[in-house]
file data.txt (compact mmCIF, C-alpha atoms)
# COMPACT_ATOMS: atom_id res chain seq x y z
CA MET A 21 -36.33 86.82 -21.46
CA GLU A 22 -33.21 84.68 -21.67
CA TYR A 23 -33.36 84.18 -17.90
CA GLY A 24 -36.96 83.14 -18.12
CA ARG A 25 -36.23 80.45 -20.68
CA GLU A 26 -33.36 79.06 -18.60
CA SER A 27 -35.51 78.88 -15.45
CA TYR A 28 -38.47 77.23 -17.16
CA LEU A 29 -39.51 73.83 -15.76
CA PRO A 30 -41.89 71.45 -17.50
CA LEU A 31 -45.20 70.89 -15.69
CA GLU A 32 -44.36 67.24 -15.00
CA LYS A 33 -41.12 68.16 -13.25
CA LYS A 34 -42.85 70.92 -11.26
CA CYS A 35 -45.43 68.44 -10.01
CA ARG A 36 -42.71 65.96 -9.09
CA LEU A 37 -40.71 68.59 -7.18
CA LYS A 38 -43.85 69.75 -5.39
CA GLN A 39 -44.58 66.18 -4.30
CA GLU A 40 -40.99 65.60 -3.15
CA ILE A 41 -41.04 68.78 -1.05
CA PHE A 42 -44.40 67.82 0.49
CA HIS A 43 -43.10 64.32 1.37
CA ALA A 44 -39.93 65.79 2.84
CA ILE A 45 -41.87 68.18 5.10
CA ARG A 46 -45.06 66.29 5.96
CA GLY A 47 -44.20 62.67 5.22
CA LEU A 48 -41.23 60.30 5.43
CA ASP A 49 -39.22 61.80 2.60
CA ILE A 50 -38.28 59.38 -0.20
CA LEU A 51 -39.85 56.43 1.64
CA GLU A 52 -43.31 57.85 0.95
CA GLU A 53 -43.23 56.61 -2.64
CA LEU A 54 -42.67 53.03 -1.47
CA LEU A 55 -45.20 53.37 1.35
CA GLN A 56 -47.89 54.45 -1.10
CA ASP A 57 -47.20 51.56 -3.47
CA GLU A 58 -49.74 48.90 -2.48
CA ALA A 59 -47.64 46.15 -4.10
CA VAL A 60 -44.67 46.84 -1.79
CA THR A 61 -44.90 44.73 1.36
CA GLU A 62 -41.61 45.50 3.12
CA ILE A 63 -39.02 48.28 3.09
CA MET A 64 -35.43 47.84 4.31
CA VAL A 65 -33.12 50.81 4.84
CA ASN A 66 -29.46 49.87 5.34
CA GLY A 67 -27.98 53.30 5.93
CA HIS A 68 -28.93 56.42 4.00
CA ARG A 69 -27.50 55.20 0.66
CA SER A 70 -28.91 51.66 0.54
CA ILE A 71 -32.65 50.94 0.34
CA PHE A 72 -34.29 47.64 -0.56
CA TYR A 73 -37.95 46.69 -0.84
CA GLU A 74 -40.02 43.54 -1.25
CA LYS A 75 -42.60 43.37 -4.02
CA GLU A 76 -44.60 40.30 -5.00
CA GLY A 77 -42.33 38.13 -2.86
CA ARG A 78 -39.06 39.35 -4.44
CA LEU A 79 -36.40 41.76 -3.17
CA PHE A 80 -35.26 44.77 -5.20
CA GLN A 81 -32.73 47.52 -4.59
CA TRP A 82 -34.11 51.03 -5.01
CA GLU A 83 -32.24 53.60 -7.06
CA LYS A 84 -33.12 56.44 -4.68
CA GLU A 85 -31.25 57.34 -1.50
CA PHE A 86 -31.44 59.86 1.34
CA SER A 87 -29.53 63.09 0.85
CA SER A 88 -27.57 62.48 4.06
CA GLU A 89 -27.49 60.37 7.20
CA GLU A 90 -28.81 63.38 9.14
CA ARG A 91 -31.90 63.43 6.93
CA LEU A 92 -32.49 59.72 7.56
CA ARG A 93 -32.14 60.31 11.31
CA ASP A 94 -34.76 63.08 11.10
CA VAL A 95 -37.17 60.66 9.42
CA ILE A 96 -36.44 58.03 12.07
CA GLN A 97 -37.22 60.46 14.89
CA LYS A 98 -40.48 61.38 13.16
CA MET A 99 -41.48 57.70 12.99
CA ALA A 100 -40.59 57.08 16.64
CA ALA A 101 -42.29 60.22 17.95
CA GLY A 102 -45.50 59.35 16.12
CA ALA A 103 -45.98 56.35 18.43
CA ASN A 104 -44.47 58.01 21.52
CA ARG A 105 -41.29 55.93 21.36
CA ILE A 106 -37.72 57.02 22.11
CA VAL A 107 -34.71 56.00 20.02
CA ASN A 108 -31.24 57.51 20.37
CA GLU A 109 -27.64 56.46 21.01
CA ALA A 110 -28.50 55.59 24.61
CA SER A 111 -31.47 53.46 23.45
CA PRO A 112 -30.45 52.49 19.91
CA VAL A 113 -33.08 49.78 19.29
CA ALA A 114 -36.80 50.49 19.08
CA ASP A 115 -40.01 48.99 17.74
CA THR A 116 -42.68 51.44 16.67
CA ARG A 117 -45.48 51.77 14.12
CA LEU A 118 -46.78 54.14 11.49
CA PRO A 119 -50.25 55.72 11.64
CA ASP A 120 -51.60 53.05 9.25
CA GLY A 121 -50.40 50.27 11.58
CA SER A 122 -47.29 49.29 9.61
CA ARG A 123 -44.63 47.86 11.90
CA VAL A 124 -41.25 49.58 12.15
CA ASN A 125 -37.99 48.31 13.63
CA ILE A 126 -35.15 50.81 14.14
CA VAL A 127 -31.50 50.16 14.96
CA LEU A 128 -29.09 53.09 15.33
CA PRO A 129 -25.30 53.30 15.56
CA PRO A 130 -23.21 52.23 17.40
CA VAL A 131 -25.22 49.01 17.32
CA SER A 132 -25.79 49.29 13.56
CA LEU A 133 -22.28 49.61 12.15
CA ASP A 134 -23.09 50.99 8.68
CA GLY A 135 -25.54 53.68 9.66
CA PRO A 136 -29.18 53.64 10.83
CA ALA A 137 -31.14 50.53 9.84
CA VAL A 138 -34.91 50.68 9.43
CA THR A 139 -37.25 47.82 8.54
CA ILE A 140 -40.89 48.60 7.75
CA ARG A 141 -43.45 45.81 7.49
CA LYS A 142 -46.37 47.32 5.61
CA PHE A 143 -50.00 46.43 6.13
CA SER A 144 -52.62 46.71 3.45
CA LYS A 145 -54.97 49.68 3.81
CA ALA A 146 -57.83 47.26 3.14
CA PRO A 147 -57.45 44.39 5.66
CA TYR A 148 -57.26 40.91 4.17
CA THR A 149 -60.45 38.92 4.56
CA MET A 150 -60.65 35.14 4.65
CA GLU A 151 -62.31 35.20 1.22
CA ARG A 152 -59.40 37.19 -0.20
CA LEU A 153 -56.85 34.81 1.36
CA ILE A 154 -58.69 31.86 -0.20
CA GLN A 155 -58.61 33.56 -3.61
CA MET A 156 -54.86 34.10 -3.22
CA GLY A 157 -54.31 30.41 -2.51
CA ALA A 158 -53.27 30.87 1.13
CA LEU A 159 -55.72 28.15 2.15
CA SER A 160 -58.58 26.12 0.74
CA GLU A 161 -62.25 27.02 1.04
CA GLN A 162 -62.80 23.97 3.28
CA ALA A 163 -60.00 25.07 5.60
CA GLY A 164 -61.50 28.57 5.75
CA GLU A 165 -64.91 27.17 6.68
CA TYR A 166 -63.31 24.98 9.35
CA LEU A 167 -61.53 27.94 10.97
CA ALA A 168 -64.59 30.20 10.75
CA GLU A 169 -66.61 27.54 12.56
CA ALA A 170 -63.84 27.13 15.15
CA VAL A 171 -63.89 30.86 15.95
CA GLY A 172 -67.67 30.80 16.20
CA ARG A 173 -67.52 27.82 18.57
CA ARG A 174 -65.04 29.74 20.78
CA ARG A 175 -62.08 27.45 20.23
CA ASN A 176 -58.76 28.82 21.45
CA ILE A 177 -56.52 29.20 18.39
CA PHE A 178 -52.75 29.77 18.26
CA ILE A 179 -51.15 30.93 15.00
CA SER A 180 -47.46 30.21 14.49
CA GLY A 181 -44.99 30.76 11.69
CA GLY A 182 -41.70 32.31 10.70
CA THR A 183 -40.93 35.98 10.21
CA GLY A 184 -43.06 37.47 7.43
CA SER A 185 -45.30 34.42 7.11
CA GLY A 186 -48.47 36.49 7.60
CA LYS A 187 -49.41 35.76 11.22
CA THR A 188 -50.88 39.20 11.94
CA THR A 189 -52.70 39.27 8.60
CA PHE A 190 -54.25 35.88 9.32
CA LEU A 191 -55.18 36.89 12.86
CA ASN A 192 -57.00 39.92 11.47
CA ALA A 193 -58.91 37.70 9.03
CA LEU A 194 -59.94 35.25 11.77
CA SER A 195 -61.17 38.06 14.03
CA ALA A 196 -63.86 38.93 11.48
CA TYR A 197 -65.78 35.82 12.61
CA ILE A 198 -66.08 36.98 16.22
CA PRO A 199 -69.71 37.96 16.89
CA GLU A 200 -70.32 41.71 17.11
CA GLU A 201 -71.90 41.50 20.56
CA GLU A 202 -68.73 40.14 22.18
CA ARG A 203 -66.21 42.34 24.01
CA ILE A 204 -62.66 42.01 22.68
CA ILE A 205 -59.47 43.08 24.44
CA THR A 206 -56.31 43.21 22.30
CA ILE A 207 -52.80 43.30 23.76
CA GLU A 208 -49.80 44.09 21.59
CA ASP A 209 -46.16 45.08 21.85
CA ALA A 210 -46.73 47.50 18.95
CA ALA A 211 -50.31 47.98 17.78
CA GLU A 212 -50.74 46.24 14.41
CA LEU A 213 -54.11 44.51 14.53
CA GLN A 214 -56.94 45.94 12.47
CA ILE A 215 -60.02 44.44 14.08
CA ARG A 216 -63.19 46.01 12.75
CA SER A 217 -65.80 43.36 13.45
CA SER A 218 -66.64 44.42 17.01
CA PRO A 219 -67.77 47.84 18.28
CA ASN A 220 -66.98 46.71 21.86
CA LEU A 221 -63.20 46.72 21.41
CA VAL A 222 -60.42 47.83 23.74
CA ARG A 223 -56.90 48.07 22.27
CA MET A 224 -53.90 48.12 24.60
CA GLU A 225 -50.23 48.56 23.79
CA VAL A 226 -47.05 47.95 25.77
CA ARG A 227 -45.22 51.00 27.14
CA ASN A 228 -41.44 50.82 27.25
CA ALA A 229 -39.43 52.03 30.22
CA ASN A 230 -38.51 55.71 30.32
CA THR A 231 -34.95 57.03 30.18
CA GLU A 232 -34.53 56.17 33.87
CA GLY A 233 -35.59 52.57 33.29
CA CYS A 234 -38.92 52.98 35.10
CA SER A 235 -42.66 53.07 34.35
CA ALA A 236 -42.67 50.17 31.88
CA VAL A 237 -45.99 48.43 31.20
CA THR A 238 -45.40 44.88 29.97
CA VAL A 239 -47.56 42.34 28.14
CA ARG A 240 -47.89 40.46 31.44
CA ASP A 241 -49.24 43.60 33.11
CA LEU A 242 -51.76 44.13 30.33
CA ILE A 243 -52.99 40.51 30.38
CA LYS A 244 -53.61 40.74 34.12
CA THR A 245 -55.45 44.03 33.62
CA ALA A 246 -57.50 42.58 30.74
CA LEU A 247 -58.87 39.87 33.04
CA ARG A 248 -60.53 42.61 35.11
CA MET A 249 -62.13 44.28 32.10
CA ARG A 250 -64.91 41.75 31.49
CA PRO A 251 -63.49 40.40 28.21
CA SER A 252 -65.37 37.91 26.06
CA ARG A 253 -62.12 37.17 24.23
CA ILE A 254 -58.52 38.20 24.72
CA ILE A 255 -56.23 38.57 21.70
CA VAL A 256 -52.50 38.70 22.40
CA GLY A 257 -50.70 39.93 19.29
CA GLU A 258 -47.59 37.87 19.94
CA VAL A 259 -46.08 36.00 22.88
CA ARG A 260 -42.31 36.17 23.21
CA GLY A 261 -41.50 35.47 26.84
CA ALA A 262 -42.84 34.70 30.29
CA GLU A 263 -46.23 36.25 29.40
CA ALA A 264 -46.99 32.92 27.70
CA LEU A 265 -48.07 31.58 31.12
CA ASP A 266 -50.51 34.46 31.66
CA MET A 267 -51.97 33.89 28.20
CA LEU A 268 -52.44 30.16 28.88
CA GLN A 269 -54.05 30.85 32.23
CA ALA A 270 -56.44 33.35 30.64
CA MET A 271 -57.47 30.72 28.07
CA ASN A 272 -58.00 28.25 30.92
CA THR A 273 -60.12 30.54 33.09
CA GLY A 274 -63.28 31.12 31.11
CA HIS A 275 -62.00 33.17 28.18
CA GLU A 276 -62.62 30.65 25.44
CA GLY A 277 -62.19 31.78 21.87
CA SER A 278 -59.00 33.70 22.56
CA LEU A 279 -56.30 34.08 19.91
CA SER A 280 -52.56 34.63 19.83
CA THR A 281 -49.45 34.21 17.65
CA GLY A 282 -45.82 33.19 18.02
CA HIS A 283 -42.68 32.44 16.04
CA ALA A 284 -41.92 28.80 15.22
CA ASN A 285 -41.07 26.54 12.27
CA SER A 286 -43.84 24.03 13.00
CA ALA A 287 -46.75 23.44 15.35
CA GLU A 288 -44.62 20.97 17.33
CA ASP A 289 -41.84 23.55 17.61
CA MET A 290 -44.40 26.10 18.83
CA ILE A 291 -45.34 23.82 21.71
CA SER A 292 -41.66 23.48 22.65
CA ARG A 293 -41.22 27.26 22.45
CA LEU A 294 -44.26 27.84 24.66
CA GLU A 295 -42.82 25.43 27.22
CA THR A 296 -39.48 27.25 27.13
CA MET A 297 -41.08 30.70 27.41
CA VAL A 298 -43.14 29.69 30.43
CA LEU A 299 -40.17 28.04 32.17
CA GLN A 300 -37.92 31.06 31.57
CA GLY A 301 -39.93 33.30 33.83
CA ASN A 302 -41.68 30.86 36.17
CA ASP A 303 -40.59 28.10 38.53
CA ILE A 304 -43.10 25.48 37.40
CA PRO A 305 -42.60 21.76 36.65
CA LEU A 306 -42.56 20.92 32.94
CA SER A 307 -45.41 18.47 33.41
CA ALA A 308 -47.61 21.26 34.77
CA VAL A 309 -46.71 23.51 31.85
CA ARG A 310 -47.70 20.79 29.37
CA ARG A 311 -51.03 20.31 31.14
CA GLN A 312 -51.67 24.04 30.82
CA ILE A 313 -50.93 23.99 27.08
CA ALA A 314 -52.94 20.80 26.51
CA SER A 315 -56.06 22.25 28.16
CA ALA A 316 -55.68 25.84 26.89
CA ILE A 317 -55.04 25.69 23.13
CA ASP A 318 -57.48 23.80 20.92
CA ILE A 319 -56.09 24.48 17.44
CA PHE A 320 -52.63 25.30 16.08
CA VAL A 321 -52.39 27.02 12.69
CA GLN A 322 -48.90 26.91 11.14
CA LEU A 323 -48.13 29.45 8.40
CA CYS A 324 -45.18 29.59 6.02
CA ARG A 325 -43.57 31.56 3.21
CA ARG A 326 -43.47 29.39 0.11
CA ARG A 327 -40.69 29.23 -2.44
CA ASP A 328 -42.51 31.56 -4.83
CA GLY A 329 -42.77 34.22 -2.10
CA SER A 330 -46.46 33.65 -1.36
CA ARG A 331 -47.72 33.10 2.17
CA GLY A 332 -50.22 30.56 3.37
CA ILE A 333 -51.17 27.74 5.68
CA LEU A 334 -48.75 24.86 6.07
CA GLN A 335 -50.81 22.88 8.55
CA ILE A 336 -53.84 23.06 10.83
CA CYS A 337 -53.68 20.74 13.84
CA GLU A 338 -56.09 19.90 16.61
CA ASN A 339 -54.76 19.43 20.12
CA ARG A 340 -55.65 15.90 21.29
CA GLY A 341 -54.28 16.42 24.81
CA LEU A 342 -51.63 14.55 26.74
CA GLN A 343 -50.56 11.00 25.97
CA ASN A 344 -47.68 9.52 27.96
CA GLY A 345 -46.73 13.00 29.13
CA GLU A 346 -46.49 14.45 25.60
CA ILE A 347 -48.92 16.76 23.80
CA VAL A 348 -50.36 15.03 20.74
CA LEU A 349 -51.39 16.99 17.65
CA SER A 350 -53.72 15.63 14.98
CA PRO A 351 -53.34 17.29 11.53
CA VAL A 352 -56.66 18.23 9.97
CA PHE A 353 -55.43 20.21 6.94
CA GLU A 354 -52.04 20.17 5.28
CA TYR A 355 -50.41 22.03 2.41
CA CYS A 356 -48.82 20.00 -0.35
CA GLY A 357 -46.69 21.59 -3.07
CA THR A 358 -46.92 19.74 -6.37
CA ALA A 359 -43.94 18.87 -8.56
CA ASP A 360 -44.85 21.45 -11.21
CA GLY A 361 -44.82 24.28 -8.69
CA GLY A 362 -48.60 24.38 -8.22
CA ARG A 363 -50.26 24.85 -4.84
CA VAL A 364 -52.68 22.36 -3.36
CA CYS A 365 -54.27 22.72 0.06
CA ARG A 366 -55.05 19.10 0.79
CA CYS A 367 -57.79 18.74 3.37
CA GLY A 368 -59.19 15.85 5.26
CA LYS A 369 -59.37 14.21 8.63
CA PRO A 370 -56.71 12.33 10.61
CA GLU A 371 -55.57 10.28 7.57
CA LEU A 372 -53.30 13.27 6.75

call {"tool": "encode", "arguments": {"input": "data.txt", "output": "structure tokens"}}
result
Amino acid sequence: MEYGRESYLPLEKKCRLKQEIFHAIRGLDILEELLQDEAVTEIMVNGHRSIFYEKEGRLFQWEKEFSSEERLRDVIQKMAAGANRIVNEASPVADTRLPDGSRVNIVLPPVSLDGPAVTIRKFSKAPYTMERLIQMGALSEQAGEYLAEAVGRRRNIFISGGTGSGKTTFLNALSAYIPEEERIITIEDAAELQIRSSPNLVRMEVRNANTEGCSAVTVRDLIKTALRMRPSRIIVGEVRGAEALDMLQAMNTGHEGSLSTGHANSAEDMISRLETMVLQGNDIPLSAVRRQIASAIDIFVQLCRRRDGSRGILQICENRGLQNGEIVLSPVFEYCGTADGGRVCRCGKPEL
């Protein structure tokens, strides 16, 4: 009887232990608790003893840690294998995704000096709609109506912004305005988009080279293939290199209404980055590149992370074409932060 009293566990602790064992075997160990918290938007693992997370725009350090570096490596291999990716000491850097579409970046030693580093960008289980983004203050109702009309009129739209500014979330929201009867082809480095508006949807994902450095399928390869698949619209999750030229050519060859994203601090910077990306992989005069951009992209949407941690539109610009050899943008909507910390999405026509 004495032994029985010593081994007794309260029901609450039994339930907690049962859940921890289940997560360790079937899930991602201690990370499961953060993954299931809808308010957590990003998880950062800096070695097995240091875990941070972002919640409501603020960073916090978590009190929990992995039992060992070996256990963290097991979790990492589970994440990579789930998306058919390889990560090891020979290939220590990898981008992958979780079954719910959350994006994962992995860096292993010897590249990561203090142990394996994992960054998980979570995506909401219920995709953000334009109405929800308006309610959150990401943009005004007038700006939402403008963009919805632009998608319906098959305008080519490019979304730019810094890391974590919400480009993929906004792209998902815009895709809801694509008519159901249209055929959509999506091309991504790691599948993140959650497009549910069209039953005629083909999703394609890049394949990295194997251990021998062969059999890679790049974004450029997929864009060229997409052109032969009778697309109504092509959506390129993000352009990072020479594939920018293929995207521009697709927009210029009868695939109006296409969408894409890229990293930049402003719409003007995005144009410069597109020029640089095209020139890096192609021997083309700069003037020809600018003509391609001027005729391909109709609207630039610049997103930002605000000081309070919220995300939203900084500026919406229309492409007015070339003037004196330079691409001219005309702002249509702009964000203006007020002195008391409030948020105002000021809208209007070229007077902004």

call {"tool": "residues_near_point", "arguments": {"input": "data.txt", "point": "(-52.9, 29.8, 29.8)", "cutoff": "9 Å", "atoms": "only C-alpha atoms", "output": "number ranges by chain"}}
result
A: 264-273, 312-313, 315-317

call {"tool": "axis_aligned_box", "arguments": {"input": "data.txt", "around": "region 115-120 of chain A", "padding_each_side": "4 Å", "output": "JSON"}}
result
{"center_x": -45.8, "center_y": 52.4, "center_z": 13.5, "size_x": 19.6, "size_y": 14.7, "size_z": 16.5}

call {"tool": "residues_around", "arguments": {"input": "data.txt", "residues": "region 140-143 of chain A", "least_positions_apart": "4", "cutoff": "8 Å", "atoms": "only C-alpha atoms", "output": "PyMOL selection string"}}
result
chain A and resi 55+60-64+120-125+147

call {"tool": "atom_distance", "arguments": {"input": "data.txt", "atom1": "CA of Gln81 (chain A)", "atom2": "CA of Val65 (chain A)"}}
result
10.0 Å

call {"tool": "residues_around", "arguments": {"input": "data.txt", "residues": "Ala211 (chain A)", "least_positions_apart": "5", "cutoff": "9 Å", "atoms": "only C-alpha atoms", "output": "list in words"}}
result
Thr116, Arg117, Gly121, Ser122, Arg123, Thr206, Arg223, Met224, Glu225, Val226 and Gly257 of chain A

call {"tool": "write_last_selection", "arguments": {"input": "data.txt", "atoms": "C-alpha atoms", "output": "PDB file, keeping the file's coordinate frame"}}
result
ATOM      1  CA  THR A 116     -42.680  51.440  16.670  1.00  0.00           C
ATOM      2  CA  ARG A 117     -45.480  51.770  14.120  1.00  0.00           C
ATOM      3  CA  GLY A 121     -50.400  50.270  11.580  1.00  0.00           C
ATOM      4  CA  SER A 122     -47.290  49.290   9.610  1.00  0.00           C
ATOM      5  CA  ARG A 123     -44.630  47.860  11.900  1.00  0.00           C
ATOM      6  CA  THR A 206     -56.310  43.210  22.300  1.00  0.00           C
ATOM      7  CA  ARG A 223     -56.900  48.070  22.270  1.00  0.00           C
ATOM      8  CA  MET A 224     -53.900  48.120  24.600  1.00  0.00           C
ATOM      9  CA  GLU A 225     -50.230  48.560  23.790  1.00  0.00           C
ATOM     10  CA  VAL A 226     -47.050  47.950  25.770  1.00  0.00           C
ATOM     11  CA  GLY A 257     -50.700  39.930  19.290  1.00  0.00           C
TER      12      GLY A 257
END

call {"tool": "residues_around", "arguments": {"input": "data.txt", "residues": "Gly181 (chain A)", "least_positions_apart": "3", "cutoff": "9 Å", "atoms": "all atoms listed in the file", "output": "list in words"}}
result
Gly184, Ser185, Gly186, Lys187, Thr281, Gly282, His283, Ala284, Asn285, Ser286, Ala287, Met290, Val321, Gln322, Leu323, Cys324, Arg325 and Leu334 of chain A

call {"tool": "atom_distance", "arguments": {"input": "data.txt", "atom1": "CA of Arg78 (chain A)", "atom2": "CA of Gly332 (chain A)"}}
result
16.2 Å

call {"tool": "closest_residue", "arguments": {"input": "data.txt", "among": "A:Ala236, A:Val222, A:Leu279, A:Leu48", "to": "Glu258 (chain A)", "atoms": "only C-alpha atoms"}}
result
A:Leu279

call {"tool": "atom_distance", "arguments": {"input": "data.txt", "atom1": "CA of Val127 (chain A)", "atom2": "CA of Val113 (chain A)"}}
result
4.6 Å

call {"tool": "closest_residue", "arguments": {"input": "data.txt", "among": "A:His68, A:Arg340, A:Arg326, A:Arg105", "to": "Arg311 (chain A)", "atoms": "all atoms listed in the file"}}
result
A:Arg340

call {"tool": "closest_residue", "arguments": {"input": "data.txt", "among": "A:Gly274, A:Ser180, A:Gly329, A:Ala196", "to": "Glu74 (chain A)", "atoms": "all atoms listed in the file"}}
result
A:Gly329

call {"tool": "residues_around", "arguments": {"input": "data.txt", "residues": "Ala101 (chain A)", "least_positions_apart": "3", "cutoff": "12 Å", "atoms": "all atoms listed in the file", "output": "list in words"}}
result
Asp94, Val95, Ile96, Gln97, Lys98, Asn104, Arg105, Ile106, Val107, Asn108, Ala114, Asp115, Thr116, Arg117, Leu118 and Pro119 of chain A

call {"tool": "residues_near_point", "arguments": {"input": "data.txt", "point": "(-70.2, 37.1, 15.2)", "cutoff": "12 Å", "atoms": "all atoms listed in the file", "output": "number ranges by chain"}}
result
A: 168-174, 194-204, 216-219, 252, 277

call {"tool": "closest_residue", "arguments": {"input": "data.txt", "among": "A:Ala158, A:Val256, A:Leu79, A:Leu306", "to": "Ile179 (chain A)", "atoms": "only C-alpha atoms"}}
result
A:Val256

call {"tool": "residues_around", "arguments": {"input": "data.txt", "residues": "Ala163 (chain A)", "least_positions_apart": "2", "cutoff": "9 Å", "atoms": "only C-alpha atoms", "output": "PyMOL selection string"}}
result
chain A and resi 159-161+165-168+336+352-353+365+367

call {"tool": "closest_residue", "arguments": {"input": "data.txt", "among": "A:Ser307, A:Arg175, A:Asp289, A:Gly135", "to": "Glu338 (chain A)", "atoms": "all atoms listed in the file"}}
result
A:Arg175

call {"tool": "closest_residue", "arguments": {"input": "data.txt", "among": "A:Ala262, A:Ala210, A:Val138, A:Leu349", "to": "Glu295 (chain A)", "atoms": "only C-alpha atoms"}}
result
A:Ala262

call {"tool": "build_atoms", "arguments": {"input": "data.txt", "residues": "region 181-187 of chain A", "atoms": "all heavy atoms", "output": "tab-separated table (two decimals), keeping the file's coordinate frame"}}
result
chain	number	residue	atom	x	y	z
A	181	GLY	N	-45.64	30.66	12.99
A	181	GLY	CA	-44.99	30.76	11.69
A	181	GLY	C	-43.70	31.54	11.80
A	181	GLY	O	-43.39	32.13	12.84
A	182	GLY	N	-42.94	31.56	10.72
A	182	GLY	CA	-41.70	32.31	10.70
A	182	GLY	C	-41.94	33.78	10.47
A	182	GLY	O	-43.07	34.24	10.27
A	183	THR	N	-40.84	34.55	10.46
A	183	THR	CA	-40.93	35.98	10.21
A	183	THR	C	-41.48	36.24	8.81
A	183	THR	O	-41.04	35.65	7.83
A	183	THR	CB	-39.53	36.62	10.33
A	183	THR	OG1	-39.04	36.40	11.65
A	183	THR	CG2	-39.59	38.11	10.05
A	184	GLY	N	-42.48	37.11	8.72
A	184	GLY	CA	-43.06	37.47	7.43
A	184	GLY	C	-43.96	36.42	6.84
A	184	GLY	O	-44.28	36.49	5.65
A	185	SER	N	-44.42	35.47	7.64
A	185	SER	CA	-45.30	34.42	7.11
A	185	SER	C	-46.76	34.84	7.08
A	185	SER	O	-47.60	34.11	6.54
A	185	SER	CB	-45.14	33.13	7.93
A	185	SER	OG	-45.44	33.35	9.29
A	186	GLY	N	-47.10	35.99	7.67
A	186	GLY	CA	-48.47	36.49	7.60
A	186	GLY	C	-49.30	36.22	8.83
A	186	GLY	O	-50.54	36.17	8.75
A	187	LYS	N	-48.67	36.10	10.00
A	187	LYS	CA	-49.41	35.76	11.22
A	187	LYS	C	-50.42	36.85	11.59
A	187	LYS	O	-51.58	36.56	11.89
A	187	LYS	CB	-48.43	35.53	12.38
A	187	LYS	CG	-47.49	34.35	12.16
A	187	LYS	CD	-46.60	34.11	13.36
A	187	LYS	CE	-45.62	35.24	13.58
A	187	LYS	NZ	-44.66	35.38	12.47
